[in-house]
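Engineer: The structure's right below; bear with me while I get my questions together.
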Number of protein chains: 2
Amino acid sequence: MENFRQFVVFLLAAVLLGTLSVVFALTWVLHWRGGLAWDLGLLEFNWHPVLSIIGFILINGLAVIIYRLPWTWNVSKPLMKYIHAGLNIAAFVLIVISLVAVFDFHNSKSIPNMYSLHSWIGLAAVIMYALQIVLGLCTFLLPFTPTYIKAFYMSIHVFAGLFIFGMAIAAAEMGITEKLIFTLRSGSNITLSYSRSPPEAILVNTLGVFILVFGGCILWIATRPEWKRPPEHINKIIGNEEGSTLNETNVSAETNMERVPEGTARMRYLNLEEACQRSTF
Amino acid sequence: MENFRQFVVFLLAAVLLGTLSVVFALTWVLHWRGGLAWDLGLLEFNWHPVLSIIGFILINGLAVIIYRLPWTWNVSKPLMKYIHAGLNIAAFVLIVISLVAVFDFHNSKSIPNMYSLHSWIGLAAVIMYALQIVLGLCTFLLPFTPTYIKAFYMSIHVFAGLFIFGMAIAAAEMGITEKLIFTLRSGSNITLSYSRSPPEAILVNTLGVFILVFGGCILWIATRPEWKRPPEHINKIIGNEEGSTLNETNVSAETNMERVPEGTARMRYLNLEEACQRSTF
């Protein structure tokens with residue numbers, strides 16, 4: 001892999017920032033917002049930021065770059081697809097629970113649902129995420145989907161994945177903004193209002209920055225052409241002939257292409273691989 | 001250009017959504033927020049969303065895709081660079097004025113500056129934008145910058161441009177959220193509170209959606225490999241030999257590459273062009 005050290009730096013930064021985001025979100029709700037419970041009240045609401053950040057930011061972000069990890073390049077593509085799909089489905093389940101928490105809280109307190117820009121963009125992102133998962137499963141995991149559909153849909157799937165991830169980040173930033181304004185109002189104790197930057201505001205603003213920079217690391221990793229998973233046939237050739245890890249291996253698609261047996265089915269497969277390579281930005 | 005009609009559809013959608021965003025922002029401040037003035041008060045604050053959306057969203061977004069417009073592919077690359085830089089500098093000036101408006105307002109009302117996540121991420125985006133413009137000018141417009149620096153910096157410049165654009169969108173969505181919560185508080189008239197979705201809230205939420213979808217169109221256009229501006233030498237060849245517009249022209253880099261005279265300086269130039277082609281995602 002070209003620039004392997006730079007890759008590791010960005011990956012470690014992403015893992016650190018993603019983990020810190022979850023830790024900060026937990027600190028927020030456990031230390032300042034009364035903790036977690038399933039009581040139809042504010043403590044149930046607290047599951048919303050925690051599960052959204054774990055699911056829609058951290059796991060979704062890691063699922064985006066799962067194919068980039070060079071340590072997985074010896075793992076078969078179908079298995080990697082299952083892992084990618086599995087991570088996204090797990091994230092989706094957490095997001096749905098986080099939505100139930102906020103709807104429960106609103107309904108029990110007679111607060112209208114879906115009035116804020118955060119809720120509009122957040123729900124749109126969740127619906128698009130569901131669609132993305134269903135279409136992804138149908139297109140890339142059903143064995144009878146024609147290859148030309150896979151090749152056509154690949155660039156849309158990749159762009160949509162990154163865009164939905166970006167929407168999730170924007171929704172998180174808006175959600176943080178909303179929650180801080182609602183909870184840190186100028187009340188009896190003026191020094192605790194949001195505009196006076198109490199410790200809670202500093203911690204949660206920092207959480208918002210971590211989420212943004214985590215997103216930046218994920219998008220940087222996902223969009224470097226030199227960090228793409230090499231086409232499957234190249235992995236197989238290297239796996240068979242050299243049997244080594246791909247770190248630092250300089251794989252030349254053109255050189256290896258000559259060794260691949262020709263044939264219509266094989267060529268279709270290669271076209272799909274090429275679409276994968278082109279489409280991941 | 002491949003998929004020319006799809007390109008035009010996305011471009012028209014972007015122009016329409018960008019224009020509507022500015023119209024909605026103006027409607028918001030002129031119809032519901034008392035208008036515009038330079039009075040150190042709320043009317044001066046109103047310049048902030050209007051100028052930020054015109055500068056950081058609309059003009060910045062159009063500057064991102066300026067090289068993608070096939071009607072400009074006969075225009076020389078240096079001139080296109082000046083237009084790209086000029087648009088970004090114009091946008092930056094508008095953003096600075098919009099920042100002065102909000103700092104003026106805060107200072108005159110003794111409201112602390114820079115306490116919200118919106119302000120943190122917004123100001124970070126502005127500082128990065130300034131840096132991006134300065135580094136871009138030094139790298140791509142100074143005649144004595146070595147080609148290898150240009151080639152190295154290109155992928156960073158392109159990623160940073162798109163990321164800053166994304167940060168601007170996130171900051172705008174947070175700013176809209178903040179302003180709606182602050183102005184549509186549950187006061188004497190409960191039906192006008194944000195949670196009751198009065199017309200102002202619907203209009204401004206819709207503005208937020210327009211900004212997001214505008215961003216989606218810009219990012220889609222910017223990241224399609226088939227819509228990249230062909231390398232300069234191919235433009236020249238086509239301009240000299242065919243003298244026609246490039247619409248629907250199927251340009252094959254490999255075929256035309258043979259006609260280019262060889263030489264070290266020329267090869268360096270081609271390497272830079274290749275970096276441009278690779279790096280724009």
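Residue names in the structure tokens use chain letters A, B, ... in the order shown, residue numbers from 1 in each chain, and ligand numbers from 1 in the order shown.
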With only C-alpha atoms as the counted atoms, please give the residues lying no more than 7 Å from segment 29-45 of chain B, apart from itself and same-chain residues fewer than 2 positions off, as a list in words.
Structural biologist: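 Returned residues: Ala25, Leu26, Thr27, Trp47, His48, Ala101, Val102, Asp104, Phe105 and Ser108 of chain B.
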Engineer: If you keep N, CA, C and O atoms, can you produce a file of those selected residues as an mmCIF file, in the first residue's frame?
Structural biologist:
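New file out.cif:
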data_model
loop_
_atom_site.group_PDB
_atom_site.id
_atom_site.type_symbol
_atom_site.label_atom_id
_atom_site.label_comp_id
_atom_site.auth_asym_id
_atom_site.auth_seq_id
_atom_site.Cartn_x
_atom_site.Cartn_y
_atom_site.Cartn_z
ATOM 1 N N ALA B 25 -33.447 33.117 2.183
ATOM 2 C CA ALA B 25 -32.744 33.830 3.266
ATOM 3 C C ALA B 25 -33.181 35.297 3.297
ATOM 4 O O ALA B 25 -33.425 35.874 4.376
ATOM 5 N N LEU B 26 -33.289 35.907 2.107
ATOM 6 C CA LEU B 26 -33.733 37.300 2.036
ATOM 7 C C LEU B 26 -35.178 37.437 2.517
ATOM 8 O O LEU B 26 -35.513 38.371 3.268
ATOM 9 N N THR B 27 -36.042 36.492 2.089
ATOM 10 C CA THR B 27 -37.445 36.530 2.529
ATOM 11 C C THR B 27 -37.515 36.442 4.055
ATOM 12 O O THR B 27 -38.288 37.156 4.705
ATOM 13 N N TRP B 47 -27.617 40.622 8.198
ATOM 14 C CA TRP B 47 -26.671 40.465 7.084
ATOM 15 C C TRP B 47 -25.913 39.143 7.186
ATOM 16 O O TRP B 47 -25.425 38.615 6.185
ATOM 17 N N HIS B 48 -25.779 38.639 8.439
ATOM 18 C CA HIS B 48 -24.949 37.446 8.656
ATOM 19 C C HIS B 48 -25.457 36.229 7.868
ATOM 20 O O HIS B 48 -24.697 35.668 7.058
ATOM 21 N N ALA B 101 -20.733 41.778 10.904
ATOM 22 C CA ALA B 101 -22.120 42.060 11.301
ATOM 23 C C ALA B 101 -22.470 41.356 12.608
ATOM 24 O O ALA B 101 -23.053 41.969 13.516
ATOM 25 N N VAL B 102 -22.086 40.087 12.716
ATOM 26 C CA VAL B 102 -22.490 39.342 13.917
ATOM 27 C C VAL B 102 -21.662 39.760 15.133
ATOM 28 O O VAL B 102 -22.202 39.879 16.243
ATOM 29 N N ASP B 104 -20.367 42.795 15.595
ATOM 30 C CA ASP B 104 -20.924 44.114 15.934
ATOM 31 C C ASP B 104 -22.174 43.966 16.796
ATOM 32 O O ASP B 104 -22.317 44.614 17.840
ATOM 33 N N PHE B 105 -23.068 43.100 16.329
ATOM 34 C CA PHE B 105 -24.342 42.891 17.040
ATOM 35 C C PHE B 105 -24.090 42.368 18.450
ATOM 36 O O PHE B 105 -24.615 42.904 19.436
ATOM 37 N N SER B 108 -22.465 45.064 20.709
ATOM 38 C CA SER B 108 -23.360 46.164 21.099
ATOM 39 C C SER B 108 -24.399 45.691 22.117
ATOM 40 O O SER B 108 -24.897 46.495 22.903
#
Engineer: List every residue of chain B that has an atom at most 9 Å from any atom of chain A, giving for each one its closest atom pair and the distance in Å to one decimal, counting only C-alpha atoms, sorted by chain and then by ascending residue number, as JSON lines.
Structural biologist:
{"residue": "B:Ile111", "atom": "CA", "partner": "A:Ser195", "partner_atom": "CA", "distance": 7.4}
{"residue": "B:Pro112", "atom": "CA", "partner": "A:Ser195", "partner_atom": "CA", "distance": 6.1}
{"residue": "B:Asn113", "atom": "CA", "partner": "A:Ser195", "partner_atom": "CA", "distance": 8.0}
{"residue": "B:Met114", "atom": "CA", "partner": "A:Ser195", "partner_atom": "CA", "distance": 8.5}
{"residue": "B:Tyr115", "atom": "CA", "partner": "A:Ser195", "partner_atom": "CA", "distance": 5.6}
{"residue": "B:Ser116", "atom": "CA", "partner": "A:Asn205", "partner_atom": "CA", "distance": 7.1}
{"residue": "B:Leu117", "atom": "CA", "partner": "A:Asn205", "partner_atom": "CA", "distance": 5.1}
{"residue": "B:His118", "atom": "CA", "partner": "A:Thr177", "partner_atom": "CA", "distance": 7.5}
{"residue": "B:Trp120", "atom": "CA", "partner": "A:Asn205", "partner_atom": "CA", "distance": 7.9}
{"residue": "B:Ile121", "atom": "CA", "partner": "A:Val209", "partner_atom": "CA", "distance": 7.2}
{"residue": "B:Ser155", "atom": "CA", "partner": "A:Arg224", "partner_atom": "CA", "distance": 8.7}
{"residue": "B:Phe159", "atom": "CA", "partner": "A:Trp220", "partner_atom": "CA", "distance": 7.4}
{"residue": "B:Phe163", "atom": "CA", "partner": "A:Gly216", "partner_atom": "CA", "distance": 7.2}
{"residue": "B:Gly166", "atom": "CA", "partner": "A:Gly166", "partner_atom": "CA", "distance": 7.9}
{"residue": "B:Met167", "atom": "CA", "partner": "A:Leu212", "partner_atom": "CA", "distance": 8.2}
{"residue": "B:Ile169", "atom": "CA", "partner": "A:Ala170", "partner_atom": "CA", "distance": 8.0}
{"residue": "B:Ala170", "atom": "CA", "partner": "A:Ala170", "partner_atom": "CA", "distance": 5.0}
{"residue": "B:Ala171", "atom": "CA", "partner": "A:Ala170", "partner_atom": "CA", "distance": 8.3}
{"residue": "B:Glu173", "atom": "CA", "partner": "A:Met174", "partner_atom": "CA", "distance": 6.8}
{"residue": "B:Met174", "atom": "CA", "partner": "A:Met174", "partner_atom": "CA", "distance": 5.0}
{"residue": "B:Gly175", "atom": "CA", "partner": "A:Met174", "partner_atom": "CA", "distance": 8.6}
{"residue": "B:Ile176", "atom": "CA", "partner": "A:Leu117", "partner_atom": "CA", "distance": 8.1}
{"residue": "B:Thr177", "atom": "CA", "partner": "A:Leu117", "partner_atom": "CA", "distance": 6.5}
{"residue": "B:Glu178", "atom": "CA", "partner": "A:Thr177", "partner_atom": "CA", "distance": 7.0}
{"residue": "B:Leu180", "atom": "CA", "partner": "A:Ser116", "partner_atom": "CA", "distance": 8.9}
{"residue": "B:Ile181", "atom": "CA", "partner": "A:Glu178", "partner_atom": "CA", "distance": 7.8}
{"residue": "B:Phe182", "atom": "CA", "partner": "A:Ile181", "partner_atom": "CA", "distance": 8.5}
{"residue": "B:Tyr194", "atom": "CA", "partner": "A:Tyr115", "partner_atom": "CA", "distance": 7.2}
{"residue": "B:Ser195", "atom": "CA", "partner": "A:Tyr115", "partner_atom": "CA", "distance": 5.6}
{"residue": "B:Arg196", "atom": "CA", "partner": "A:Pro112", "partner_atom": "CA", "distance": 7.1}
{"residue": "B:Ser197", "atom": "CA", "partner": "A:Tyr115", "partner_atom": "CA", "distance": 5.8}
{"residue": "B:Ala201", "atom": "CA", "partner": "A:Ser116", "partner_atom": "CA", "distance": 8.0}
{"residue": "B:Ile202", "atom": "CA", "partner": "A:Tyr115", "partner_atom": "CA", "distance": 8.3}
{"residue": "B:Val204", "atom": "CA", "partner": "A:Leu117", "partner_atom": "CA", "distance": 8.4}
{"residue": "B:Asn205", "atom": "CA", "partner": "A:Leu117", "partner_atom": "CA", "distance": 5.1}
{"residue": "B:Thr206", "atom": "CA", "partner": "A:Leu117", "partner_atom": "CA", "distance": 8.2}
{"residue": "B:Gly208", "atom": "CA", "partner": "A:Leu117", "partner_atom": "CA", "distance": 6.9}
{"residue": "B:Val209", "atom": "CA", "partner": "A:Ile121", "partner_atom": "CA", "distance": 7.2}
{"residue": "B:Leu212", "atom": "CA", "partner": "A:Met167", "partner_atom": "CA", "distance": 8.2}
{"residue": "B:Gly216", "atom": "CA", "partner": "A:Phe163", "partner_atom": "CA", "distance": 7.2}
{"residue": "B:Leu219", "atom": "CA", "partner": "A:Phe163", "partner_atom": "CA", "distance": 8.7}
{"residue": "B:Trp220", "atom": "CA", "partner": "A:Phe159", "partner_atom": "CA", "distance": 7.4}
{"residue": "B:Thr223", "atom": "CA", "partner": "A:Phe281", "partner_atom": "CA", "distance": 6.4}
{"residue": "B:Arg224", "atom": "CA", "partner": "A:Phe281", "partner_atom": "CA", "distance": 7.6}
{"residue": "B:Pro225", "atom": "CA", "partner": "A:Arg278", "partner_atom": "CA", "distance": 7.7}
{"residue": "B:Arg278", "atom": "CA", "partner": "A:Pro225", "partner_atom": "CA", "distance": 7.7}
{"residue": "B:Ser279", "atom": "CA", "partner": "A:Arg224", "partner_atom": "CA", "distance": 8.2}
{"residue": "B:Thr280", "atom": "CA", "partner": "A:Phe281", "partner_atom": "CA", "distance": 8.5}
{"residue": "B:Phe281", "atom": "CA", "partner": "A:Phe281", "partner_atom": "CA", "distance": 4.8}
Engineer: Enumerate as a VMD selection string all residues of segment 39-270 of chain A assigned to helix (DSSP H, G or I) by DSSP on the backbone, naming them with the chain letters and numbers the document uses.
Structural biologist: chain A and resid 42 to 45 47 to 64 66 to 68 70 to 72 77 to 108 117 to 140 147 to 183 190 to 192 194 to 196 199 to 223 225 to 227 232 to 241 253 to 257 264 to 270
Engineer: Would you list the contacts of Arg68 of chain A as a list in words, taking every protein, DNA or RNA residue within 8 Å and counting only C-alpha atoms, but skipping same-chain residues closer than 5 positions in sequence?
Structural biologist: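 Returned residues: Ile221, Ala222, Trp227, Lys228 and Arg229 of chain A.
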Engineer: Kindly give the distance, in Å, that separates atom CA of Val100 of chain A and atom CA of Gly122 of chain A, rounded to a single decimal.
Structural biologist: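 So the answer is 13.4 Å.
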Engineer: Between atom CA of Lys179 of chain A and atom CA of Ser193 of chain A, what is the spacing in Å?
Structural biologist: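 So the answer is 12.3 Å.
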Engineer: Taking into account only C-alpha atoms, which residue in the set B:Val96, B:Leu162, B:Leu135, B:Leu69 is nearest to Lys150 of chain B?
Structural biologist: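 So, comparing all the options, the nearest one is B:Leu135.
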Engineer: Just the residues within 12 Å of Ala85 of chain A, please, counting only C-alpha atoms, with nothing from its chain fewer than 4 positions along; format it as an MDAnalysis selection string.
Structural biologist: chainID A and resid 59:60 62:64 66:67 78:81 89:92 129:130 132:141 161
Engineer: Which distance in Å separates atom CA of Ile54 of chain A and atom CA of Phe210 of chain B, to one decimal?
Structural biologist: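 Those two atoms sit 27.7 Å apart.
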Engineer: Taking only C-alpha atoms into account, name the residue in A:Asn189, A:Glu200, A:Phe4, A:Leu94 that is nearest to Trp71 of chain A.
Structural biologist: A:Phe4
